[in-house]
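First up is the structure itself, then whatever we jot down about it.
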Amino acid sequence: MTSTSIRDQIKKLVDLQKLDKEIYDLNQDKAEKPKLIALLQEEFEGKKANVKQLEEKLKQVQLQRNQKELELKEKETAIEKTNAQLSALKTNREYTAKLTEIESLKADKSIFEEKILESYDQADAVKRELDEERKKIVEEEKGFLERKKVLEDDMKQIDDRLSVLESQRTRLLPDIDKDNLKKYERILNHKEGIAIVPVLNNSCGGCHMNVTQQMINEMKMHAQLINCEICARILYLEDDL
């Protein structure tokens, strides 16, 4: 391959690298979007968890009140039954004992009534807190969906740009020698989207290690593609293209 063709091949590889670097960066960016959406979803679900806890708390308060109301009903029934037994008693001792029993049942009944009233107050407090949290969640969901849509729109724009770049890349490939392209793409896949770099101040533009004067002289001869001895990327001289 002549020196002219080597120089021309390097120019085309540099043009290809510009496309491939943007393609690589866009694909990296695109790969992060679903992760960001997942984090937003996790954050939103965490905020919804408080609502679920309050809903469960309210449910438990209501269940406990229902149980107390059943027990209160049992006390009321027991009082009625005990009252009905008074007329059948024959001695003052029996009568006094039965009255004591009734007073004890009434005391228990009073305790249950107080606890039931407290449960209503507790339920009202939980309901107020729950209503506030539900209002917050409505706003949180709105914000979550808006941020999610922005990320999804970004992915769509990335896909559109990638389609353009891939088309440009496809048109460029036929002008590149197959062996050179194969070498370039092998490096590209292992070096974070950068396969060909300029020499800058006698250093590799990829790994920044020193490039010997002999290698620079070989690059100027355009007899073959020259690779960095450290990172294996293809090297070129910007002023020589």
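Labels for the structure tokens follow display order: chains A, B, ..., residues from 1 in each chain, ligands from 1.
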Write out as a count of residues only each polymer residue whose atoms come within 12 Å of Lys30 in chain A, counting only C-alpha atoms; drop sequence neighbours fewer than 2 positions from it.
25
List as a ChimeraX atom specification the protein and nucleic acid residues near range 189-202 of chain A, meaning an atom at most 10 Å away when only C-alpha atoms are counted, but skip any in the same chain fewer than 2 places from it.
/A:10,13-14,16-25,28,183-187,204-213,215-216,226-228,231-239
Sorted per-residue table, range 64-172 of chain A near range 44-51 of chain A, closest atoms and distance, 12 Å, only C-alpha atoms, as a Markdown table:
```
| residue | atom | partner | partner_atom | distance |
| --- | --- | --- | --- | --- |
| A:Val126 | CA | A:Val51 | CA | 10.6 |
| A:Lys127 | CA | A:Val51 | CA | 10.6 |
| A:Arg128 | CA | A:Val51 | CA | 11.7 |
| A:Glu129 | CA | A:Val51 | CA | 9.1 |
| A:Leu130 | CA | A:Val51 | CA | 6.4 |
| A:Asp131 | CA | A:Val51 | CA | 9.0 |
| A:Glu132 | CA | A:Val51 | CA | 9.4 |
| A:Glu133 | CA | A:Val51 | CA | 6.2 |
| A:Arg134 | CA | A:Val51 | CA | 6.7 |
| A:Lys135 | CA | A:Val51 | CA | 10.2 |
| A:Lys136 | CA | A:Lys47 | CA | 9.1 |
| A:Ile137 | CA | A:Lys48 | CA | 6.6 |
| A:Val138 | CA | A:Lys48 | CA | 9.9 |
| A:Glu139 | CA | A:Phe44 | CA | 10.7 |
| A:Glu140 | CA | A:Phe44 | CA | 7.1 |
| A:Glu141 | CA | A:Phe44 | CA | 7.1 |
| A:Lys142 | CA | A:Phe44 | CA | 10.4 |
| A:Gly143 | CA | A:Phe44 | CA | 9.5 |
| A:Phe144 | CA | A:Phe44 | CA | 7.0 |
| A:Leu145 | CA | A:Phe44 | CA | 9.9 |
| A:Arg147 | CA | A:Phe44 | CA | 11.4 |
| A:Lys148 | CA | A:Phe44 | CA | 11.3 |
```
Convert the current residue selection to file output with N, CA and C atoms, as a CSV table (one decimal), in the first residue's frame.
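again-v8.csv was written with the following content:
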```
chain,number,residue,atom,x,y,z
A,126,VAL,N,-55.3,9.5,62.2
A,126,VAL,CA,-54.6,8.7,61.1
A,126,VAL,C,-55.2,9.1,59.7
A,127,LYS,N,-56.5,9.3,59.7
A,127,LYS,CA,-57.2,9.7,58.4
A,127,LYS,C,-56.6,11.0,57.9
A,128,ARG,N,-56.5,12.0,58.8
A,128,ARG,CA,-56.0,13.3,58.4
A,128,ARG,C,-54.5,13.2,57.9
A,129,GLU,N,-53.7,12.4,58.6
A,129,GLU,CA,-52.3,12.2,58.1
A,129,GLU,C,-52.3,11.5,56.8
A,130,LEU,N,-53.2,10.5,56.6
A,130,LEU,CA,-53.3,9.7,55.4
A,130,LEU,C,-53.7,10.6,54.2
A,131,ASP,N,-54.7,11.5,54.5
A,131,ASP,CA,-55.1,12.4,53.4
A,131,ASP,C,-54.0,13.3,53.0
A,132,GLU,N,-53.2,13.8,53.9
A,132,GLU,CA,-52.1,14.7,53.6
A,132,GLU,C,-51.1,13.9,52.8
A,133,GLU,N,-50.8,12.7,53.2
A,133,GLU,CA,-49.8,11.9,52.5
A,133,GLU,C,-50.3,11.6,51.1
A,134,ARG,N,-51.5,11.3,50.9
A,134,ARG,CA,-52.1,11.0,49.6
A,134,ARG,C,-52.0,12.2,48.7
A,135,LYS,N,-52.2,13.4,49.2
A,135,LYS,CA,-52.1,14.6,48.4
A,135,LYS,C,-50.6,14.8,47.9
A,136,LYS,N,-49.7,14.5,48.9
A,136,LYS,CA,-48.3,14.6,48.5
A,136,LYS,C,-47.9,13.6,47.4
A,137,ILE,N,-48.4,12.4,47.6
A,137,ILE,CA,-48.1,11.3,46.6
A,137,ILE,C,-48.6,11.7,45.2
A,138,VAL,N,-49.8,12.4,45.1
A,138,VAL,CA,-50.3,12.8,43.8
A,138,VAL,C,-49.3,13.7,43.2
A,139,GLU,N,-48.7,14.7,43.9
A,139,GLU,CA,-47.7,15.6,43.4
A,139,GLU,C,-46.4,14.9,43.1
A,140,GLU,N,-46.0,13.9,44.0
A,140,GLU,CA,-44.8,13.1,43.8
A,140,GLU,C,-44.9,12.3,42.5
A,141,GLU,N,-46.1,11.7,42.3
A,141,GLU,CA,-46.3,10.9,41.1
A,141,GLU,C,-46.2,11.8,39.8
A,142,LYS,N,-46.8,13.0,39.9
A,142,LYS,CA,-46.7,13.9,38.8
A,142,LYS,C,-45.3,14.2,38.4
A,143,GLY,N,-44.5,14.5,39.5
A,143,GLY,CA,-43.1,14.8,39.2
A,143,GLY,C,-42.3,13.6,38.7
A,144,PHE,N,-42.6,12.5,39.3
A,144,PHE,CA,-41.9,11.2,38.8
A,144,PHE,C,-42.2,11.0,37.3
A,145,LEU,N,-43.5,11.1,36.9
A,145,LEU,CA,-43.9,10.8,35.5
A,145,LEU,C,-43.2,11.9,34.6
A,147,ARG,N,-40.3,13.5,35.1
A,147,ARG,CA,-38.9,13.2,35.0
A,147,ARG,C,-38.7,11.9,34.1
A,148,LYS,N,-39.6,11.0,34.3
A,148,LYS,CA,-39.5,9.7,33.5
A,148,LYS,C,-39.7,10.0,32.0
```
Surrounding residues of Phe112 in chain A excluding itself and chain neighbours under 6 positions, 9 Å, only C-alpha atoms, as a tab-separated table (two decimals) with N, CA and C atoms, in the first residue's frame:
```tsv
chain	number	residue	atom	x	y	z
A	68	LYS	N	-63.62	-4.13	70.13
A	68	LYS	CA	-64.07	-3.51	71.39
A	68	LYS	C	-65.58	-3.32	71.40
A	69	GLU	N	-66.15	-2.99	70.23
A	69	GLU	CA	-67.60	-2.82	70.15
A	69	GLU	C	-68.32	-4.15	70.37
A	71	GLU	N	-67.12	-6.60	72.25
A	71	GLU	CA	-66.96	-6.87	73.69
A	71	GLU	C	-67.90	-5.98	74.51
A	72	LEU	N	-68.10	-4.74	74.05
A	72	LEU	CA	-69.04	-3.85	74.73
A	72	LEU	C	-70.46	-4.41	74.65
```
So the first atom is CA of Asp15 in chain A and the second is CA of Gln214 in chain A; what is the distance between them in Å, to one decimal place?
25.9 Å
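Every protein or nucleic acid residue with an atom no more than 8 Å from range 93-109 of chain A, counting only C-alpha atoms and leaving out same-chain residues fewer than 4 positions away, appears here: Leu72, Lys75, Glu76, Ala78, Ile79, Thr82, Asn83, Leu86, Leu89 and Glu113 of chain A.
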Which is closest to Asp121 in chain A among A:Lys81, A:His222, A:Arg7, A:Arg65, if we use only C-alpha atoms?
A:Arg65
Lys59 in chain A surroundings by only C-alpha atoms, 9 Å radius, close-in-sequence under 5 positions cut, as a ChimeraX atom specification
/A:54,64,123
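The spacing separating CA of Lys149 in chain A from CA of Leu39 in chain A amounts to 14.0 Å.
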Running DSSP on the backbone, which parts of range 30-216 of chain A land in alpha helix (DSSP H), as a ChimeraX atom specification?
/A:30-85,92-172,178-190,213-216
Computed interatomic separation between CA of Ile111 in chain A and CA of Ala125 in chain A (Å)
21.2 Å
Can you list, as number ranges by chain, every residue of range 10-241 of chain A that DSSP puts in strand (DSSP E or B)?
A: 196-200, 203-204, 210, 226-227, 234-236
